[in-house]
Structure formats: C-alpha cells, structure tokens
Amino acid sequence: MQVVKYMFQPHGDDRGQLVALEEFKDIPFQVKRVYYMYDTVEGVVRGKHAHKSLEQILICIHGSCKVLLDNGEEKKVIPLEKPYEGLYVSNVMWREMFDFSPDAVLMVLASELYDEADYIRDYDEFLAYVKGK
C-alpha cells in the first residue's frame with residue numbers, strides 16, 4: 001500500500017503561520033466538501049468506513065491523531081501531527097481515525113458532496129467489495 005502525505009508550504013513571519021491550499025495544485029482533486037472534527041472524546045474511533053468513489057485529504061490542523069488505512073490486504077497506521085501535513089485517502093480504502101489529542105481538530109477535504117450511497121460502513125462488506133473489483 002502506498003501512503004501519500006502532502007507537505008503543504010507554510011508561509012510565516014513575526015505575525016505567525018499561514019497555509020493556503022488550492023485545488024489541483026496542492027490538493028489532487030476539486031474540493032467539493034470540507035468538514036472537521038473536534039472535541040473528540042478520549043478512546044473514540046471515528047471513520048470506520050470506506051468510500052466507493054470519494055477521495056479525501058485529512059489534515060490535523062491542531063493537536064494530533066492517528067489514521068488506520070486498510071486496502072483490504074494491508075493495514076498501516078499514520079500519525080498526523082503537523083498542521084502543514086495532509087494525508088491522501090483514496091477511494092476503496094477503509095479508514096479509522098483514533099488516538100485524538102484533547103485539542104485535536106481534524107479537517108477533511110473531500111472530492112464529492114455527501115452521498116450515503118458512496119459509503120461502505122460494514123467491514124465484511126468492504127472486504128467483499130475489494131475482492132469483487
């Protein structure tokens with residue numbers, strides 16, 4: 001499994017830091033949806049699903065968390081700890097976000113609008129979907 005982490009260019013001076021992101025330049029797709037998670041309760045695992053077509057970039061813009069990626073054959077855990085670092089999550093990839101620091105804010109840039117039909121929420125169904133491709 002290839003894991004792709006993007007290192008975004010921070011721009012800073014004595015006032016602080018700024019990161020600007022542009023579709024097809026810094027992000028490999030058109031961004032159609034942005035959402036973020038915060039105040040995640042200790043021990044909670046978020047995600048626990050895959051998408052049939054949607055792609056995502058995950059950025060922990062504050063604090064830290066870990067992401068489990070699973071393509072049906074291989075699993076990898078990737079830490080997200082820097083606000084200028086983004087993790088690309090392709091379609092047909094099971095994802096679980098966990099081990100959130102108390103101050104974590106995880107922002108997600110998505111290639112599609114919300115569509116419940118694109119989700120695979122059952123792990124066994126995900127494995128069957130992967131084998132069928």
# chains A, B, ... in the order shown; residues from 1 in each chain; ligands from 1
>>> select_by_dssp(residues="chain A", states="helix (DSSP H, G or I)", output="PyMOL selection string")
chain A and resi 116-118+123-132
>>> residues_around(residues="Met107 of chain A", least_positions_apart="4", cutoff="10 Å", atoms="only C-alpha atoms", output="MDAnalysis selection string")
chainID A and resid 34:38 57:62 83 86
>>> residues_around(residues="Met93 of chain A", least_positions_apart="3", cutoff="10 Å", atoms="only C-alpha atoms", output="list in words")
His49, Ala50, His51, Lys52, Ser53, Leu54, Glu55, Leu68, Leu69, Asp70, Asn71, Gly72, Lys75, Val89, Ser90, Glu96, Ile120, Phe126 and Val130 of chain A
>>> residues_around(residues="Ile27 of chain A", least_positions_apart="2", cutoff="10 Å", atoms="only C-alpha atoms", output="number ranges by chain")
A: 6, 8, 21-25, 29-31, 56-57, 86, 88, 109-111
>>> select_by_dssp(residues="chain A", states="strand (DSSP E or B)", output="ChimeraX atom specification")
/A:4-7,10-13,16-19,23,27,33-38,46-51,56-62,65-70,75-80,85-89,94-98,105-110,119-120
>>> residues_around(residues="Gly43 of chain A", least_positions_apart="2", cutoff="7 Å", atoms="only C-alpha atoms", output="list in words")
Val41, Val45 and Asp99 of chain A
>>> write_last_selection(atoms="C-alpha atoms", output="JSON list (two decimals), in the first residue's frame")
[["chain", "number", "residue", "atom", "x", "y", "z"],
["A", 41, "VAL", "CA", -13.95, 12.06, 23.35],
["A", 45, "VAL", "CA", -12.66, 5.84, 16.94],
["A", 99, "ASP", "CA", -5.92, 8.45, 19.45]]
>>> residues_around(residues="Glu81 of chain A", least_positions_apart="4", cutoff="7 Å", atoms="only C-alpha atoms", output="PyMOL selection string")
chain A and resi 60+63-65
>>> write_last_selection(atoms="N, CA and C atoms", output="PDB file, in the first residue's frame")
ATOM      1  N   CYS A  60      -4.684  17.324  10.281  1.00  0.00           N
ATOM      2  CA  CYS A  60      -4.909  17.602  11.702  1.00  0.00           C
ATOM      3  C   CYS A  60      -4.375  19.016  11.941  1.00  0.00           C
ATOM      4  N   GLY A  63      -3.377  19.895  17.263  1.00  0.00           N
ATOM      5  CA  GLY A  63      -3.229  18.666  18.022  1.00  0.00           C
ATOM      6  C   GLY A  63      -2.734  17.533  17.149  1.00  0.00           C
ATOM      7  N   SER A  64      -3.148  16.317  17.491  1.00  0.00           N
ATOM      8  CA  SER A  64      -2.680  15.144  16.751  1.00  0.00           C
ATOM      9  C   SER A  64      -3.712  14.027  16.796  1.00  0.00           C
ATOM     10  N   CYS A  65      -3.578  13.107  15.861  1.00  0.00           N
ATOM     11  CA  CYS A  65      -4.382  11.882  15.848  1.00  0.00           C
ATOM     12  C   CYS A  65      -3.650  10.859  14.997  1.00  0.00           C
TER      13      CYS A  65
END
>>> atom_distance(atom1="atom CA of Met97 of chain A", atom2="atom CA of Asp115 of chain A")
20.1 Å
>>> atom_distance(atom1="atom CA of Lys5 of chain A", atom2="atom CA of Val108 of chain A")
13.7 Å
>>> residues_around(residues="Val67 of chain A", least_positions_apart="5", cutoff="8 Å", atoms="only C-alpha atoms", output="ChimeraX atom specification")
/A:77-80,95-98
>>> atom_distance(atom1="atom CA of Gln2 of chain A", atom2="atom CA of Glu74 of chain A")
10.0 Å
>>> closest_residue(among="A:Glu125, A:Gly132, A:Trp94, A:Phe100", to="Lys48 of chain A", atoms="only C-alpha atoms")
A:Trp94
>>> decode(residues="segment 60-74 of chain A", atoms="all heavy atoms", output="PDB file, in the first residue's frame")
ATOM      1  N   CYS A  60      -4.684  17.324  10.281  1.00  0.00           N
ATOM      2  CA  CYS A  60      -4.909  17.602  11.702  1.00  0.00           C
ATOM      3  C   CYS A  60      -4.375  19.016  11.941  1.00  0.00           C
ATOM      4  O   CYS A  60      -3.179  19.214  12.156  1.00  0.00           O
ATOM      5  CB  CYS A  60      -4.215  16.563  12.579  1.00  0.00           C
ATOM      6  SG  CYS A  60      -4.873  16.545  14.252  1.00  0.00           S
ATOM      7  N   ILE A  61      -5.262  19.994  11.835  1.00  0.00           N
ATOM      8  CA  ILE A  61      -4.829  21.390  11.877  1.00  0.00           C
ATOM      9  C   ILE A  61      -4.486  21.867  13.293  1.00  0.00           C
ATOM     10  O   ILE A  61      -3.871  22.918  13.459  1.00  0.00           O
ATOM     11  CB  ILE A  61      -5.868  22.335  11.219  1.00  0.00           C
ATOM     12  CG1 ILE A  61      -7.233  22.214  11.872  1.00  0.00           C
ATOM     13  CG2 ILE A  61      -5.963  22.057   9.733  1.00  0.00           C
ATOM     14  CD1 ILE A  61      -8.267  23.193  11.349  1.00  0.00           C
ATOM     15  N   HIS A  62      -4.843  21.067  14.285  1.00  0.00           N
ATOM     16  CA  HIS A  62      -4.453  21.360  15.667  1.00  0.00           C
ATOM     17  C   HIS A  62      -4.375  20.053  16.423  1.00  0.00           C
ATOM     18  O   HIS A  62      -5.214  19.172  16.224  1.00  0.00           O
ATOM     19  CB  HIS A  62      -5.467  22.312  16.322  1.00  0.00           C
ATOM     20  CG  HIS A  62      -4.955  22.946  17.566  1.00  0.00           C
ATOM     21  ND1 HIS A  62      -5.136  22.400  18.804  1.00  0.00           N
ATOM     22  CD2 HIS A  62      -4.229  24.073  17.764  1.00  0.00           C
ATOM     23  CE1 HIS A  62      -4.573  23.169  19.711  1.00  0.00           C
ATOM     24  NE2 HIS A  62      -4.006  24.190  19.101  1.00  0.00           N
ATOM     25  N   GLY A  63      -3.377  19.895  17.263  1.00  0.00           N
ATOM     26  CA  GLY A  63      -3.229  18.666  18.022  1.00  0.00           C
ATOM     27  C   GLY A  63      -2.734  17.533  17.149  1.00  0.00           C
ATOM     28  O   GLY A  63      -2.012  17.755  16.169  1.00  0.00           O
ATOM     29  N   SER A  64      -3.148  16.317  17.491  1.00  0.00           N
ATOM     30  CA  SER A  64      -2.680  15.144  16.751  1.00  0.00           C
ATOM     31  C   SER A  64      -3.712  14.027  16.796  1.00  0.00           C
ATOM     32  O   SER A  64      -4.592  14.011  17.647  1.00  0.00           O
ATOM     33  CB  SER A  64      -1.358  14.639  17.341  1.00  0.00           C
ATOM     34  OG  SER A  64      -1.565  14.200  18.674  1.00  0.00           O
ATOM     35  N   CYS A  65      -3.578  13.107  15.861  1.00  0.00           N
ATOM     36  CA  CYS A  65      -4.382  11.882  15.848  1.00  0.00           C
ATOM     37  C   CYS A  65      -3.650  10.859  14.997  1.00  0.00           C
ATOM     38  O   CYS A  65      -2.609  11.152  14.404  1.00  0.00           O
ATOM     39  CB  CYS A  65      -5.789  12.133  15.315  1.00  0.00           C
ATOM     40  SG  CYS A  65      -5.875  12.531  13.569  1.00  0.00           S
ATOM     41  N   LYS A  66      -4.185   9.670  14.943  1.00  0.00           N
ATOM     42  CA  LYS A  66      -3.638   8.609  14.106  1.00  0.00           C
ATOM     43  C   LYS A  66      -4.724   8.144  13.159  1.00  0.00           C
ATOM     44  O   LYS A  66      -5.916   8.201  13.475  1.00  0.00           O
ATOM     45  CB  LYS A  66      -3.144   7.448  14.955  1.00  0.00           C
ATOM     46  CG  LYS A  66      -1.932   7.814  15.780  1.00  0.00           C
ATOM     47  CD  LYS A  66      -1.445   6.661  16.617  1.00  0.00           C
ATOM     48  CE  LYS A  66      -0.243   7.131  17.424  1.00  0.00           C
ATOM     49  NZ  LYS A  66      -0.164   6.478  18.715  1.00  0.00           N
ATOM     50  N   VAL A  67      -4.289   7.673  11.987  1.00  0.00           N
ATOM     51  CA  VAL A  67      -5.213   7.190  10.971  1.00  0.00           C
ATOM     52  C   VAL A  67      -4.800   5.786  10.573  1.00  0.00           C
ATOM     53  O   VAL A  67      -3.641   5.556  10.197  1.00  0.00           O
ATOM     54  CB  VAL A  67      -5.218   8.104   9.726  1.00  0.00           C
ATOM     55  CG1 VAL A  67      -6.223   7.593   8.699  1.00  0.00           C
ATOM     56  CG2 VAL A  67      -5.510   9.548  10.104  1.00  0.00           C
ATOM     57  N   LEU A  68      -5.727   4.849  10.669  1.00  0.00           N
ATOM     58  CA  LEU A  68      -5.526   3.491  10.162  1.00  0.00           C
ATOM     59  C   LEU A  68      -6.070   3.457   8.740  1.00  0.00           C
ATOM     60  O   LEU A  68      -7.241   3.797   8.519  1.00  0.00           O
ATOM     61  CB  LEU A  68      -6.262   2.463  11.021  1.00  0.00           C
ATOM     62  CG  LEU A  68      -6.347   1.062  10.408  1.00  0.00           C
ATOM     63  CD1 LEU A  68      -5.009   0.353  10.501  1.00  0.00           C
ATOM     64  CD2 LEU A  68      -7.440   0.252  11.057  1.00  0.00           C
ATOM     65  N   LEU A  69      -5.217   3.089   7.790  1.00  0.00           N
ATOM     66  CA  LEU A  69      -5.652   2.879   6.414  1.00  0.00           C
ATOM     67  C   LEU A  69      -5.569   1.399   6.117  1.00  0.00           C
ATOM     68  O   LEU A  69      -4.603   0.728   6.488  1.00  0.00           O
ATOM     69  CB  LEU A  69      -4.767   3.658   5.433  1.00  0.00           C
ATOM     70  CG  LEU A  69      -4.834   5.177   5.513  1.00  0.00           C
ATOM     71  CD1 LEU A  69      -3.918   5.794   4.458  1.00  0.00           C
ATOM     72  CD2 LEU A  69      -6.247   5.685   5.364  1.00  0.00           C
ATOM     73  N   ASP A  70      -6.574   0.871   5.420  1.00  0.00           N
ATOM     74  CA  ASP A  70      -6.675  -0.553   5.143  1.00  0.00           C
ATOM     75  C   ASP A  70      -7.240  -0.712   3.731  1.00  0.00           C
ATOM     76  O   ASP A  70      -8.353  -0.273   3.453  1.00  0.00           O
ATOM     77  CB  ASP A  70      -7.602  -1.177   6.191  1.00  0.00           C
ATOM     78  CG  ASP A  70      -7.870  -2.657   6.007  1.00  0.00           C
ATOM     79  OD1 ASP A  70      -7.528  -3.227   4.952  1.00  0.00           O
ATOM     80  OD2 ASP A  70      -8.460  -3.240   6.926  1.00  0.00           O
ATOM     81  N   ASN A  71      -6.458  -1.320   2.834  1.00  0.00           N
ATOM     82  CA  ASN A  71      -6.926  -1.517   1.458  1.00  0.00           C
ATOM     83  C   ASN A  71      -7.518  -2.909   1.236  1.00  0.00           C
ATOM     84  O   ASN A  71      -7.762  -3.309   0.111  1.00  0.00           O
ATOM     85  CB  ASN A  71      -5.801  -1.244   0.453  1.00  0.00           C
ATOM     86  CG  ASN A  71      -4.645  -2.222   0.562  1.00  0.00           C
ATOM     87  OD1 ASN A  71      -4.694  -3.194   1.318  1.00  0.00           O
ATOM     88  ND2 ASN A  71      -3.591  -1.961  -0.188  1.00  0.00           N
ATOM     89  N   GLY A  72      -7.725  -3.651   2.317  1.00  0.00           N
ATOM     90  CA  GLY A  72      -8.279  -4.995   2.230  1.00  0.00           C
ATOM     91  C   GLY A  72      -7.210  -6.069   2.243  1.00  0.00           C
ATOM     92  O   GLY A  72      -7.505  -7.236   2.455  1.00  0.00           O
ATOM     93  N   GLU A  73      -5.969  -5.674   2.026  1.00  0.00           N
ATOM     94  CA  GLU A  73      -4.849  -6.615   2.043  1.00  0.00           C
ATOM     95  C   GLU A  73      -3.770  -6.202   3.031  1.00  0.00           C
ATOM     96  O   GLU A  73      -3.068  -7.033   3.570  1.00  0.00           O
ATOM     97  CB  GLU A  73      -4.230  -6.729   0.644  1.00  0.00           C
ATOM     98  CG  GLU A  73      -5.168  -7.318  -0.382  1.00  0.00           C
ATOM     99  CD  GLU A  73      -4.531  -7.384  -1.766  1.00  0.00           C
ATOM    100  OE1 GLU A  73      -3.332  -7.065  -1.904  1.00  0.00           O
ATOM    101  OE2 GLU A  73      -5.250  -7.751  -2.702  1.00  0.00           O
ATOM    102  N   GLU A  74      -3.637  -4.907   3.226  1.00  0.00           N
ATOM    103  CA  GLU A  74      -2.580  -4.369   4.068  1.00  0.00           C
ATOM    104  C   GLU A  74      -3.135  -3.227   4.907  1.00  0.00           C
ATOM    105  O   GLU A  74      -3.996  -2.479   4.442  1.00  0.00           O
ATOM    106  CB  GLU A  74      -1.460  -3.852   3.154  1.00  0.00           C
ATOM    107  CG  GLU A  74      -0.223  -3.400   3.840  1.00  0.00           C
ATOM    108  CD  GLU A  74       0.839  -2.923   2.844  1.00  0.00           C
ATOM    109  OE1 GLU A  74       0.619  -2.958   1.620  1.00  0.00           O
ATOM    110  OE2 GLU A  74       1.889  -2.485   3.323  1.00  0.00           O
TER     111      GLU A  74
END
